[in-house]
file my_file_7.cif (mmCIF, C-alpha atoms)
data_my_file
#
loop_
_atom_site.label_atom_id
_atom_site.label_comp_id
_atom_site.auth_asym_id
_atom_site.auth_seq_id
_atom_site.Cartn_x
_atom_site.Cartn_y
_atom_site.Cartn_z
CA MET T 1 46.96 9.40 -29.84
CA ILE T 2 44.08 8.76 -32.24
CA ARG T 3 42.19 7.03 -29.43
CA ARG T 4 42.69 10.02 -27.13
CA LEU T 5 41.52 12.36 -29.87
CA SER T 6 38.39 10.33 -30.55
CA ILE T 7 37.61 10.26 -26.81
CA VAL T 8 37.93 14.04 -26.65
CA ILE T 9 35.70 14.41 -29.71
CA ALA T 10 33.06 12.08 -28.22
CA VAL T 11 33.02 13.84 -24.82
CA VAL T 12 32.98 17.32 -26.37
CA SER T 13 30.14 16.47 -28.75
CA PHE T 14 28.11 14.98 -25.89
CA GLY T 15 28.90 18.16 -23.96
CA LEU T 16 27.58 20.29 -26.81
CA VAL T 17 24.34 18.28 -26.92
CA PHE T 18 23.96 18.65 -23.14
CA ALA T 19 24.75 22.37 -23.30
CA SER T 20 21.98 22.89 -25.85
CA LEU T 21 19.65 20.94 -23.52
CA VAL T 22 20.53 23.20 -20.59
CA ILE T 23 20.15 26.37 -22.69
CA GLY T 24 16.80 25.28 -24.04
CA TYR T 25 15.51 24.17 -20.66
CA ALA T 26 12.75 26.23 -19.09
CA GLU T 27 11.62 25.58 -15.55
CA ARG T 28 7.93 24.69 -15.37
CA GLN T 29 5.69 27.16 -13.62
CA SER T 30 2.89 24.67 -12.99
CA PRO T 31 2.76 20.84 -12.97
CA ARG T 32 1.98 18.96 -16.14
CA PRO T 33 -1.65 17.83 -16.50
CA LEU T 34 -0.73 14.19 -15.73
CA ALA T 35 1.16 15.22 -12.58
CA GLU T 36 -1.71 17.44 -11.53
CA SER T 37 -4.22 14.62 -11.83
CA TYR T 38 -1.91 12.25 -9.90
CA ILE T 39 -1.51 14.85 -7.11
CA ARG T 40 -5.29 15.25 -6.99
CA LEU T 41 -6.23 11.58 -7.34
CA VAL T 42 -3.74 9.86 -5.01
CA PRO T 43 -5.05 11.49 -1.78
CA GLN T 44 -8.67 11.31 -2.93
CA GLU T 45 -8.91 7.85 -4.44
CA LEU T 46 -6.13 6.00 -2.64
CA GLY T 47 -5.99 7.89 0.66
CA ALA T 48 -2.19 8.05 0.60
CA ALA T 49 -0.51 11.26 1.76
CA ASN T 50 2.70 10.54 -0.15
CA VAL T 51 1.86 10.87 -3.84
CA VAL T 52 5.07 9.15 -4.99
CA THR T 53 4.28 6.03 -2.96
CA GLY T 54 0.72 6.06 -4.28
CA ILE T 55 2.05 6.05 -7.84
CA LEU T 56 4.70 3.40 -7.13
CA LEU T 57 2.43 1.00 -5.24
CA THR T 58 -0.91 1.40 -6.97
CA TYR T 59 -1.04 3.23 -10.29
CA ARG T 60 2.30 1.85 -11.45
CA ALA T 61 2.53 -1.11 -9.10
CA PHE T 62 2.87 -3.43 -12.07
CA ASP T 63 6.14 -1.64 -12.88
CA THR T 64 7.21 -2.17 -9.29
CA LEU T 65 6.43 -5.86 -9.59
CA GLY T 66 8.58 -6.07 -12.70
CA GLU T 67 11.35 -4.22 -10.91
CA VAL T 68 11.26 -6.69 -8.04
CA ALA T 69 11.49 -9.45 -10.64
CA VAL T 70 14.62 -7.75 -12.01
CA LEU T 71 16.11 -7.72 -8.51
CA PHE T 72 15.29 -11.41 -8.14
CA MET T 73 17.00 -12.14 -11.45
CA VAL T 74 20.07 -10.19 -10.32
CA ALA T 75 20.25 -12.19 -7.08
CA ALA T 76 19.97 -15.40 -9.12
CA GLY T 77 22.41 -14.16 -11.79
CA VAL T 78 25.07 -13.07 -9.29
CA GLY T 79 24.69 -16.45 -7.60
CA LEU T 80 25.15 -18.16 -10.97
CA VAL T 81 28.24 -16.12 -11.90
CA LEU T 82 29.92 -16.21 -8.51
CA GLY T 83 28.63 -19.53 -7.21
CA GLY T 84 30.02 -22.99 -7.57
CA GLU T 85 33.55 -24.22 -6.95
CA ARG T 86 35.96 -21.36 -7.31
CA PRO T 87 39.61 -20.92 -6.47
CA SER T 88 40.02 -18.66 -3.46
CA ARG T 89 40.75 -15.15 -4.61
CA GLY T 90 42.41 -12.16 -3.03
CA VAL T 91 45.14 -12.78 -0.48
CA PRO T 92 46.67 -16.28 -0.83
CA SER T 93 45.81 -18.54 2.08
CA ASP T 94 49.45 -18.92 3.21
CA VAL T 95 49.75 -15.16 3.71
CA ARG T 96 46.47 -14.92 5.57
CA PRO T 97 46.45 -16.97 8.77
CA ASP T 98 43.79 -19.63 9.09
CA GLY T 99 40.52 -17.77 9.53
CA ALA T 100 40.45 -14.00 9.14
CA ARG T 101 41.52 -11.89 12.09
CA PRO T 102 38.45 -11.09 14.23
CA SER T 103 37.36 -7.48 14.15
CA SER T 104 38.28 -5.24 17.06
CA GLU T 105 36.27 -4.65 20.22
CA ILE T 106 35.18 -1.20 19.05
CA VAL T 107 33.81 -2.51 15.75
CA GLN T 108 31.99 -5.39 17.46
CA THR T 109 30.40 -3.20 20.14
CA GLY T 110 29.48 -0.59 17.56
CA THR T 111 27.80 -3.28 15.48
CA GLN T 112 25.84 -4.53 18.48
CA ILE T 113 24.50 -1.04 19.08
CA LEU T 114 23.95 -0.05 15.46
CA VAL T 115 22.32 -3.15 13.94
CA PRO T 116 19.14 -2.98 16.10
CA LEU T 117 18.91 0.76 15.45
CA ILE T 118 19.29 0.21 11.71
CA SER T 119 16.57 -2.46 11.82
CA ILE T 120 14.16 -0.16 13.68
CA PHE T 121 14.93 2.65 11.24
CA ALA T 122 14.24 0.31 8.32
CA ALA T 123 10.90 -0.73 9.84
CA TYR T 124 10.02 2.94 10.36
CA ILE T 125 10.85 3.83 6.77
CA ILE T 126 8.86 0.90 5.40
CA MET T 127 5.79 1.46 7.58
CA ASN T 128 5.56 5.21 6.95
CA GLY T 129 5.92 5.04 3.19
CA HIS T 130 2.33 6.14 2.62
CA LEU T 131 2.59 9.10 5.03
CA THR T 132 6.00 10.62 4.45
CA ALA T 133 9.15 10.02 2.46
CA GLY T 134 9.98 6.33 2.47
CA GLY T 135 8.66 3.02 1.25
CA GLY T 136 9.54 -0.57 0.55
CA PHE T 137 12.59 -0.09 -1.66
CA GLN T 138 14.26 2.43 0.60
CA GLY T 139 13.59 0.41 3.76
CA GLY T 140 14.77 -2.79 2.08
CA ALA T 141 18.03 -1.08 1.18
CA VAL T 142 18.43 0.00 4.83
CA ILE T 143 17.89 -3.62 5.96
CA ALA T 144 20.60 -4.69 3.54
CA SER T 145 22.94 -2.03 4.94
CA GLY T 146 22.47 -3.63 8.39
CA VAL T 147 23.36 -7.03 6.92
CA LEU T 148 26.40 -5.44 5.26
CA LEU T 149 27.53 -4.07 8.62
CA MET T 150 27.20 -7.57 10.12
CA LEU T 151 29.21 -9.06 7.25
CA LEU T 152 31.95 -6.46 7.69
CA ALA T 153 32.16 -6.72 11.47
CA HIS T 154 31.90 -10.50 11.70
CA PRO T 155 33.72 -12.09 8.76
CA GLN T 156 32.55 -15.52 9.90
CA TYR T 157 28.88 -14.49 10.03
CA GLN T 158 26.84 -16.68 7.71
CA PRO T 159 23.33 -15.45 6.84
CA ASP T 160 20.85 -18.27 6.45
CA LEU T 161 20.46 -18.25 2.66
CA GLU T 162 17.65 -20.80 2.72
CA PHE T 163 15.64 -18.71 5.19
CA LEU T 164 16.25 -15.59 3.10
CA GLY T 165 15.15 -17.38 -0.07
CA ILE T 166 11.96 -18.75 1.49
CA THR T 167 11.04 -15.39 3.08
CA GLU T 168 11.67 -13.60 -0.18
CA SER T 169 9.58 -16.06 -2.20
CA ALA T 170 6.73 -15.87 0.33
CA ALA T 171 6.75 -12.07 0.22
CA GLY T 172 6.74 -12.11 -3.59
CA ALA T 173 3.87 -14.63 -3.71
CA LEU T 174 1.83 -12.58 -1.21
CA PHE T 175 2.49 -9.43 -3.28
CA VAL T 176 1.06 -11.13 -6.39
CA LEU T 177 -1.84 -12.56 -4.36
CA ALA T 178 -2.66 -9.05 -3.09
CA GLY T 179 -2.66 -7.93 -6.72
CA ILE T 180 -5.05 -10.71 -7.74
CA ALA T 181 -7.29 -9.86 -4.77
CA GLY T 182 -7.44 -6.36 -6.25
CA LEU T 183 -8.74 -7.89 -9.50
CA ILE T 184 -11.54 -9.69 -7.63
CA VAL T 185 -12.55 -7.25 -4.87
CA ALA T 186 -11.52 -3.85 -6.24
CA ASP T 187 -11.03 -2.28 -9.65
CA GLY T 188 -7.91 -3.92 -11.00
CA PHE T 189 -4.59 -5.69 -10.50
CA LEU T 190 -2.76 -4.36 -7.40
CA ASP T 191 -5.56 -1.94 -6.54
CA ASN T 192 -5.01 -0.83 -2.95
CA ARG T 193 -8.71 -0.55 -2.14
CA ILE T 194 -9.01 -4.22 -1.11
CA LEU T 195 -8.67 -2.91 2.46
CA PRO T 196 -10.62 0.04 3.92
CA LEU T 197 -8.95 3.37 3.21
CA GLY T 198 -9.25 4.54 6.81
CA GLN T 199 -8.73 8.07 7.97
CA PHE T 200 -6.47 10.15 5.75
CA GLY T 201 -3.05 10.62 7.33
CA ALA T 202 -3.51 7.94 9.99
CA PHE T 203 -0.93 5.18 10.47
CA PHE T 204 -3.35 2.46 9.32
CA SER T 205 -4.73 4.07 6.20
CA ALA T 206 -4.39 4.06 2.43
CA GLY T 207 -5.83 0.57 2.04
CA ALA T 208 -3.30 -2.07 1.06
CA ILE T 209 -0.38 0.32 0.48
CA PRO T 210 1.28 -0.31 3.90
CA VAL T 211 0.87 -4.06 3.42
CA LEU T 212 2.39 -3.92 -0.06
CA SER T 213 5.16 -1.71 1.34
CA VAL T 214 6.03 -4.27 4.01
CA LEU T 215 6.06 -7.13 1.48
CA LEU T 216 8.22 -5.08 -0.88
CA GLY T 217 10.61 -4.12 1.92
CA ILE T 218 11.03 -7.73 3.06
CA LYS T 219 11.58 -8.90 -0.50
CA VAL T 220 14.08 -6.19 -1.41
CA GLY T 221 15.93 -6.59 1.90
CA CYS T 222 16.28 -10.36 1.43
CA GLU T 223 17.36 -10.05 -2.19
CA LEU T 224 19.99 -7.40 -1.49
CA SER T 225 21.27 -9.43 1.48
CA VAL T 226 21.66 -12.48 -0.76
CA VAL T 227 23.54 -10.37 -3.33
CA LEU T 228 25.85 -8.99 -0.61
CA GLU T 229 26.51 -12.47 0.76
CA ARG T 230 27.44 -13.74 -2.72
CA PHE T 231 30.10 -11.06 -3.07
CA ARG T 232 31.94 -12.24 0.02
CA ALA T 233 35.26 -13.88 -0.65
CA MET S 234 16.80 28.64 -11.58
CA ILE S 235 17.57 25.96 -9.00
CA SER S 236 16.51 23.17 -11.31
CA ARG S 237 18.82 24.51 -14.03
CA ILE S 238 21.76 24.25 -11.62
CA VAL S 239 20.75 20.70 -10.68
CA LEU S 240 20.26 19.79 -14.34
CA THR S 241 23.74 21.13 -15.20
CA THR S 242 25.27 19.18 -12.30
CA GLY S 243 23.60 15.97 -13.47
CA LEU S 244 24.70 16.40 -17.07
CA LEU S 245 28.26 17.21 -15.93
CA LEU S 246 28.27 13.99 -13.89
CA VAL S 247 27.17 12.09 -17.01
CA LEU S 248 30.05 13.66 -18.94
CA ILE S 249 32.57 12.85 -16.19
CA GLY S 250 31.32 9.26 -16.11
CA LEU S 251 31.57 8.96 -19.89
CA TRP S 252 35.09 10.39 -19.88
CA GLY S 253 36.10 7.99 -17.09
CA MET S 254 34.67 5.00 -18.93
CA LEU S 255 36.48 5.90 -22.15
CA THR S 256 39.91 6.79 -20.75
CA HIS S 257 40.49 4.24 -18.01
CA ARG S 258 41.65 0.71 -18.72
CA ASN S 259 40.85 -0.81 -15.32
CA ILE S 260 37.50 -2.60 -15.23
CA LEU S 261 36.67 -1.33 -11.74
CA ARG S 262 37.25 2.26 -12.84
CA ILE S 263 35.02 1.67 -15.87
CA ILE S 264 32.30 0.43 -13.51
CA ILE S 265 32.74 3.53 -11.35
CA GLY S 266 32.38 5.68 -14.47
CA PHE S 267 29.20 3.83 -15.37
CA SER S 268 27.80 4.40 -11.87
CA LEU S 269 28.63 8.11 -12.13
CA MET S 270 26.77 8.26 -15.43
CA GLY S 271 23.78 6.56 -13.82
CA THR S 272 23.80 8.93 -10.86
CA GLY S 273 23.94 11.91 -13.21
CA THR S 274 20.93 10.54 -15.09
CA HIS S 275 18.97 10.21 -11.84
CA ILE S 276 19.76 13.84 -10.96
CA VAL S 277 18.63 14.95 -14.42
CA ILE S 278 15.36 13.00 -14.06
CA VAL S 279 14.62 14.63 -10.71
CA ALA S 280 15.60 18.09 -12.00
CA ILE S 281 13.17 18.08 -14.93
CA GLY S 282 10.31 17.34 -12.52
CA TYR S 283 10.84 20.55 -10.59
CA VAL S 284 8.12 23.17 -10.61
CA THR S 285 8.97 26.74 -9.59
CA ASN S 286 8.57 27.16 -5.82
CA GLY S 287 7.36 23.57 -5.60
CA THR S 288 7.71 21.31 -2.60
CA ALA S 289 7.68 17.53 -2.08
CA PRO S 290 4.34 16.00 -3.17
CA ILE S 291 3.44 14.83 0.34
CA ILE S 292 0.11 16.03 1.74
CA ASP S 293 0.44 17.04 5.41
CA HIS S 294 -0.02 20.13 7.56
CA ALA S 295 2.61 21.99 5.52
CA LEU S 296 0.87 21.30 2.19
CA SER S 297 -2.89 21.21 2.21
CA LEU S 298 -4.89 19.18 -0.27
CA SER S 299 -6.35 22.25 -1.99
CA GLU S 300 -3.04 23.95 -2.79
CA ALA S 301 -1.17 20.71 -3.56
CA ALA S 302 -1.91 20.81 -7.27
CA SER S 303 -0.26 24.21 -7.63
CA ARG S 304 2.61 23.95 -5.13
CA ALA S 305 3.88 20.36 -5.44
CA VAL S 306 6.61 19.21 -7.81
CA ASP S 307 5.93 16.59 -10.46
CA PRO S 308 5.75 13.21 -8.63
CA ILE S 309 6.29 11.05 -11.73
CA PRO S 310 10.04 11.74 -12.21
CA SER S 311 10.54 11.01 -8.50
CA ALA S 312 8.82 7.65 -8.88
CA LEU S 313 10.89 6.95 -12.00
CA ALA S 314 14.09 7.88 -10.14
CA VAL S 315 13.32 5.31 -7.42
CA THR S 316 12.92 2.70 -10.15
CA ALA S 317 16.09 3.82 -11.91
CA ILE S 318 18.18 3.73 -8.73
CA VAL S 319 17.15 0.14 -7.99
CA ILE S 320 17.81 -1.01 -11.55
CA GLY S 321 21.16 0.84 -11.59
CA MET S 322 22.18 -0.93 -8.40
CA ALA S 323 21.19 -4.27 -9.95
CA VAL S 324 23.24 -3.60 -13.10
CA THR S 325 26.26 -2.55 -10.99
CA ALA S 326 26.00 -5.77 -8.96
CA VAL S 327 26.03 -7.90 -12.12
CA MET S 328 28.97 -5.91 -13.55
CA LEU S 329 30.97 -6.38 -10.35
CA ALA S 330 30.24 -10.11 -10.38
CA TYR S 331 31.58 -10.34 -13.93
CA ALA S 332 34.61 -8.26 -12.94
CA ILE S 333 35.40 -10.81 -10.21
CA ARG S 334 35.06 -13.65 -12.74
CA LEU S 335 37.27 -11.87 -15.29
CA TYR S 336 39.91 -11.25 -12.64
CA GLU S 337 39.90 -14.95 -11.77
CA SER S 338 40.42 -15.96 -15.38
CA LYS S 339 43.32 -13.61 -16.20
CA LYS S 340 44.54 -12.43 -12.75
CA THR S 341 44.32 -8.86 -13.94
CA LEU S 342 41.63 -6.20 -14.13
CA SER S 343 43.11 -4.36 -17.11
CA ILE S 344 40.76 -4.47 -20.05
CA ASP S 345 43.75 -4.75 -22.43
CA ALA S 346 44.25 -8.35 -21.28
CA PHE S 347 40.87 -9.42 -22.61
CA THR S 348 41.47 -9.59 -26.33
CA GLU S 349 39.17 -12.51 -27.23
CA SER S 350 36.17 -10.37 -28.04
CA LYS S 351 38.16 -7.55 -29.60
CA TRP S 352 37.54 -6.72 -33.21
#
call {"tool": "encode", "arguments": {"input": "my_file_7.cif", "output": "structure tokens"}}
result
Amino acid sequence: MIRRLSIVIAVVSFGLVFASLVIGYAERQSPRPLAESYIRLVPQELGAANVVTGILLTYRAFDTLGEVAVLFMVAAGVGLVLGGERPSRGVPSDVRPDGARPSSEIVQTGTQILVPLISIFAAYIIMNGHLTAGGGFQGGAVIASGVLLMLLAHPQYQPDLEFLGITESAAGALFVLAGIAGLIVADGFLDNRILPLGQFGAFFSAGAIPVLSVLLGIKVGCELSVVLERFRA
Amino acid sequence: MISRIVLTTGLLLVLIGLWGMLTHRNILRIIIGFSLMGTGTHIVIVAIGYVTNGTAPIIDHALSLSEAASRAVDPIPSALAVTAIVIGMAVTAVMLAYAIRLYESKKTLSIDAFTESKW
């Protein structure tokens, strides 16, 4: 009873704080000065049509690098928590016949059609991050969704963890090397102007942003795939 | 106007998540409440970046370079939301891994069974 009352008090007081936030909120009529300078500078200095990608992969690319490090730590941490010798969980083995029942014809055929499409879509999202909505993180998540579909449709499917680990490490190392190249050739760490900016709005433009996008997409896709694989029973 | 509706939705999601986390005793439901709270926060972050009559900050034939500074929404909250989504996913993955471990140790997901760290 007392617990229920304290929960109600906590939720209601949070609700009052939020209500005062909503009442005091005024929609902005023009962008903040920082936003305005980003919107002006990203197309001019970096040659990227998508301002958000320009911020994520050049002005705040160091944040992105840290974020990728967090993802790496999660993949390692989930492996540490779930790895090792563990008793089989879920359905006891005497109830479940030896080897899970194979998925049905419909699921298998659907997977065969969908996984290539998902991969192409992921490549599209990653490669067009500097032109339209998209980028490395989003495309990497789409890659991982394809791997998840494979894991669901083929319970015996075993992704090559060693390959994923090596690919992911190589992509991460190349990302850092591109950043250091920015220190030497251009103005600072992870500056995208190590490559020619090209024509604004063209597929090969915006300097190193597409390259960084691809590396990020590969790294995120591999890491999320490893995490998904770890969660399998 | 529209951003106020979105802001209210996000804050309501945060409240629902908080309520779910506090009332439920099943660890999986607590994790779902946490995810709801995180999603609400992302919506709030995106909502406060809205500028009246603004559009996505992507320069193309629909949004020319000269009018971008006055017609585009704030790109920084969008960039932060991308970051927050990835980190939220990472935190959820770690929580689920621990939930699996806790279930293995006690064969139950009820948080009442885990009294060792209770004070």
call {"tool": "interface_residues", "arguments": {"input": "my_file_7.cif", "of": "chain S", "to": "chain T", "cutoff": "6 Å", "atoms": "only C-alpha atoms", "output": "PyMOL selection string"}}
result
chain S and resi 284-285+290-292+302+307-308+312+327
call {"tool": "residues_around", "arguments": {"input": "my_file_7.cif", "residues": "Ala280 of chain S", "least_positions_apart": "2", "cutoff": "12 Å", "atoms": "all atoms listed in the file", "output": "tab-separated table (two decimals) with C-alpha atoms, in the frame of the given file"}}
result
chain	number	residue	atom	x	y	z
T	22	VAL	CA	20.53	23.20	-20.59
T	25	TYR	CA	15.51	24.17	-20.66
T	26	ALA	CA	12.75	26.23	-19.09
T	27	GLU	CA	11.62	25.58	-15.55
T	28	ARG	CA	7.93	24.69	-15.37
S	234	MET	CA	16.80	28.64	-11.58
S	235	ILE	CA	17.57	25.96	-9.00
S	236	SER	CA	16.51	23.17	-11.31
S	237	ARG	CA	18.82	24.51	-14.03
S	238	ILE	CA	21.76	24.25	-11.62
S	239	VAL	CA	20.75	20.70	-10.68
S	240	LEU	CA	20.26	19.79	-14.34
S	241	THR	CA	23.74	21.13	-15.20
S	242	THR	CA	25.27	19.18	-12.30
S	243	GLY	CA	23.60	15.97	-13.47
S	244	LEU	CA	24.70	16.40	-17.07
S	273	GLY	CA	23.94	11.91	-13.21
S	274	THR	CA	20.93	10.54	-15.09
S	275	HIS	CA	18.97	10.21	-11.84
S	276	ILE	CA	19.76	13.84	-10.96
S	277	VAL	CA	18.63	14.95	-14.42
S	278	ILE	CA	15.36	13.00	-14.06
S	282	GLY	CA	10.31	17.34	-12.52
S	283	TYR	CA	10.84	20.55	-10.59
S	284	VAL	CA	8.12	23.17	-10.61
S	285	THR	CA	8.97	26.74	-9.59
S	287	GLY	CA	7.36	23.57	-5.60
S	306	VAL	CA	6.61	19.21	-7.81
S	307	ASP	CA	5.93	16.59	-10.46
S	308	PRO	CA	5.75	13.21	-8.63
S	309	ILE	CA	6.29	11.05	-11.73
S	310	PRO	CA	10.04	11.74	-12.21
S	311	SER	CA	10.54	11.01	-8.50
S	314	ALA	CA	14.09	7.88	-10.14
call {"tool": "atom_distance", "arguments": {"input": "my_file_7.cif", "atom1": "atom CA of Leu65 of chain T", "atom2": "atom CA of Leu269 of chain S"}}
result
26.4 Å
call {"tool": "resolve_selection", "arguments": {"input": "my_file_7.cif", "expression": "the PyMOL selection byres ((chain T and resi 189) around 12)", "output": "list in words"}}
result
Leu57, Thr58, Tyr59, Arg60, Ala61, Phe62, Asp63, Leu65, Phe175, Val176, Leu177, Ala178, Gly179, Ile180, Ala181, Gly182, Leu183, Ile184, Val185, Ala186, Asp187, Gly188, Leu190, Asp191, Asn192, Arg193 and Ile194 of chain T
call {"tool": "resolve_selection", "arguments": {"input": "my_file_7.cif", "expression": "the PyMOL selection byres ((chain S and resi 260) around 10)", "output": "ChimeraX atom specification"}}
result
/S:254,257-259,261-266,328-329,331-333,335-336,341-345
call {"tool": "atom_distance", "arguments": {"input": "my_file_7.cif", "atom1": "atom CA of Leu174 of chain T", "atom2": "atom CA of Ala208 of chain T"}}
result
11.9 Å
call {"tool": "atom_distance", "arguments": {"input": "my_file_7.cif", "atom1": "atom CA of Met1 of chain T", "atom2": "atom CA of Glu349 of chain S"}}
result
23.4 Å
call {"tool": "resolve_selection", "arguments": {"input": "my_file_7.cif", "expression": "the PyMOL selection byres ((chain T and resi 222) around 12)", "output": "PyMOL selection string"}}
result
chain T and resi 68+71-72+75+136-137+139-148+159-172+215-221+223-229
call {"tool": "residues_around", "arguments": {"input": "my_file_7.cif", "residues": "Glu105 of chain T", "least_positions_apart": "5", "cutoff": "12 Å", "atoms": "all atoms listed in the file", "output": "PyMOL selection string"}}
result
chain T and resi 110-112+153-154
call {"tool": "closest_residue", "arguments": {"input": "my_file_7.cif", "among": "T:Leu151, T:Val214, T:Val17, T:Ile2", "to": "Tyr124 of chain T", "atoms": "all atoms listed in the file"}}
result
T:Val214
call {"tool": "decode", "arguments": {"input": "my_file_7.cif", "residues": "segment 27-50 of chain T", "atoms": "N, CA and C atoms", "output": "PDB file, in the first residue's frame"}}
result
ATOM      1  N   GLU T  27       7.737  27.343 -29.168  1.00  0.00           N
ATOM      2  CA  GLU T  27       8.369  26.859 -30.393  1.00  0.00           C
ATOM      3  C   GLU T  27       9.279  27.944 -30.960  1.00  0.00           C
ATOM      4  N   ARG T  28      10.440  27.553 -31.429  1.00  0.00           N
ATOM      5  CA  ARG T  28      11.380  28.558 -31.960  1.00  0.00           C
ATOM      6  C   ARG T  28      10.932  29.004 -33.338  1.00  0.00           C
ATOM      7  N   GLN T  29      11.063  30.312 -33.576  1.00  0.00           N
ATOM      8  CA  GLN T  29      10.689  30.837 -34.888  1.00  0.00           C
ATOM      9  C   GLN T  29      11.860  30.808 -35.857  1.00  0.00           C
ATOM     10  N   SER T  30      13.074  30.817 -35.337  1.00  0.00           N
ATOM     11  CA  SER T  30      14.251  30.751 -36.207  1.00  0.00           C
ATOM     12  C   SER T  30      15.295  29.880 -35.522  1.00  0.00           C
ATOM     13  N   PRO T  31      16.208  29.254 -36.262  1.00  0.00           N
ATOM     14  CA  PRO T  31      17.195  28.365 -35.627  1.00  0.00           C
ATOM     15  C   PRO T  31      18.098  29.132 -34.677  1.00  0.00           C
ATOM     16  N   ARG T  32      18.641  28.398 -33.707  1.00  0.00           N
ATOM     17  CA  ARG T  32      19.618  28.997 -32.808  1.00  0.00           C
ATOM     18  C   ARG T  32      20.867  29.383 -33.608  1.00  0.00           C
ATOM     19  N   PRO T  33      21.672  30.307 -33.082  1.00  0.00           N
ATOM     20  CA  PRO T  33      22.863  30.739 -33.836  1.00  0.00           C
ATOM     21  C   PRO T  33      23.795  29.572 -34.183  1.00  0.00           C
ATOM     22  N   LEU T  34      23.982  28.635 -33.233  1.00  0.00           N
ATOM     23  CA  LEU T  34      24.861  27.494 -33.512  1.00  0.00           C
ATOM     24  C   LEU T  34      24.306  26.657 -34.663  1.00  0.00           C
ATOM     25  N   ALA T  35      22.977  26.396 -34.619  1.00  0.00           N
ATOM     26  CA  ALA T  35      22.360  25.610 -35.690  1.00  0.00           C
ATOM     27  C   ALA T  35      22.501  26.326 -37.021  1.00  0.00           C
ATOM     28  N   GLU T  36      22.301  27.659 -36.984  1.00  0.00           N
ATOM     29  CA  GLU T  36      22.381  28.420 -38.219  1.00  0.00           C
ATOM     30  C   GLU T  36      23.776  28.309 -38.825  1.00  0.00           C
ATOM     31  N   SER T  37      24.803  28.401 -37.971  1.00  0.00           N
ATOM     32  CA  SER T  37      26.159  28.332 -38.529  1.00  0.00           C
ATOM     33  C   SER T  37      26.447  26.920 -39.036  1.00  0.00           C
ATOM     34  N   TYR T  38      25.929  25.887 -38.355  1.00  0.00           N
ATOM     35  CA  TYR T  38      26.119  24.517 -38.872  1.00  0.00           C
ATOM     36  C   TYR T  38      25.454  24.380 -40.238  1.00  0.00           C
ATOM     37  N   ILE T  39      24.197  24.883 -40.361  1.00  0.00           N
ATOM     38  CA  ILE T  39      23.469  24.742 -41.628  1.00  0.00           C
ATOM     39  C   ILE T  39      24.206  25.486 -42.738  1.00  0.00           C
ATOM     40  N   ARG T  40      24.851  26.599 -42.392  1.00  0.00           N
ATOM     41  CA  ARG T  40      25.586  27.364 -43.398  1.00  0.00           C
ATOM     42  C   ARG T  40      26.929  26.693 -43.713  1.00  0.00           C
ATOM     43  N   LEU T  41      27.617  26.211 -42.660  1.00  0.00           N
ATOM     44  CA  LEU T  41      28.997  25.753 -42.853  1.00  0.00           C
ATOM     45  C   LEU T  41      29.094  24.361 -43.467  1.00  0.00           C
ATOM     46  N   VAL T  42      28.154  23.454 -43.103  1.00  0.00           N
ATOM     47  CA  VAL T  42      28.299  22.071 -43.586  1.00  0.00           C
ATOM     48  C   VAL T  42      28.290  22.003 -45.114  1.00  0.00           C
ATOM     49  N   PRO T  43      27.315  22.647 -45.829  1.00  0.00           N
ATOM     50  CA  PRO T  43      27.393  22.579 -47.289  1.00  0.00           C
ATOM     51  C   PRO T  43      28.596  23.338 -47.853  1.00  0.00           C
ATOM     52  N   GLN T  44      28.948  24.459 -47.208  1.00  0.00           N
ATOM     53  CA  GLN T  44      30.047  25.259 -47.769  1.00  0.00           C
ATOM     54  C   GLN T  44      31.401  24.625 -47.531  1.00  0.00           C
ATOM     55  N   GLU T  45      31.689  24.301 -46.264  1.00  0.00           N
ATOM     56  CA  GLU T  45      33.032  23.832 -45.930  1.00  0.00           C
ATOM     57  C   GLU T  45      33.208  22.358 -46.243  1.00  0.00           C
ATOM     58  N   LEU T  46      32.179  21.551 -45.947  1.00  0.00           N
ATOM     59  CA  LEU T  46      32.338  20.105 -46.053  1.00  0.00           C
ATOM     60  C   LEU T  46      31.756  19.548 -47.340  1.00  0.00           C
ATOM     61  N   GLY T  47      30.883  20.303 -48.010  1.00  0.00           N
ATOM     62  CA  GLY T  47      30.296  19.827 -49.248  1.00  0.00           C
ATOM     63  C   GLY T  47      29.288  18.716 -49.066  1.00  0.00           C
ATOM     64  N   ALA T  48      28.725  18.582 -47.863  1.00  0.00           N
ATOM     65  CA  ALA T  48      27.730  17.532 -47.623  1.00  0.00           C
ATOM     66  C   ALA T  48      26.341  18.148 -47.660  1.00  0.00           C
ATOM     67  N   ALA T  49      25.421  17.499 -48.383  1.00  0.00           N
ATOM     68  CA  ALA T  49      24.067  18.031 -48.490  1.00  0.00           C
ATOM     69  C   ALA T  49      23.281  17.780 -47.212  1.00  0.00           C
ATOM     70  N   ASN T  50      23.556  16.669 -46.539  1.00  0.00           N
ATOM     71  CA  ASN T  50      22.847  16.335 -45.310  1.00  0.00           C
ATOM     72  C   ASN T  50      23.620  16.933 -44.130  1.00  0.00           C
TER      73      ASN T  50
END
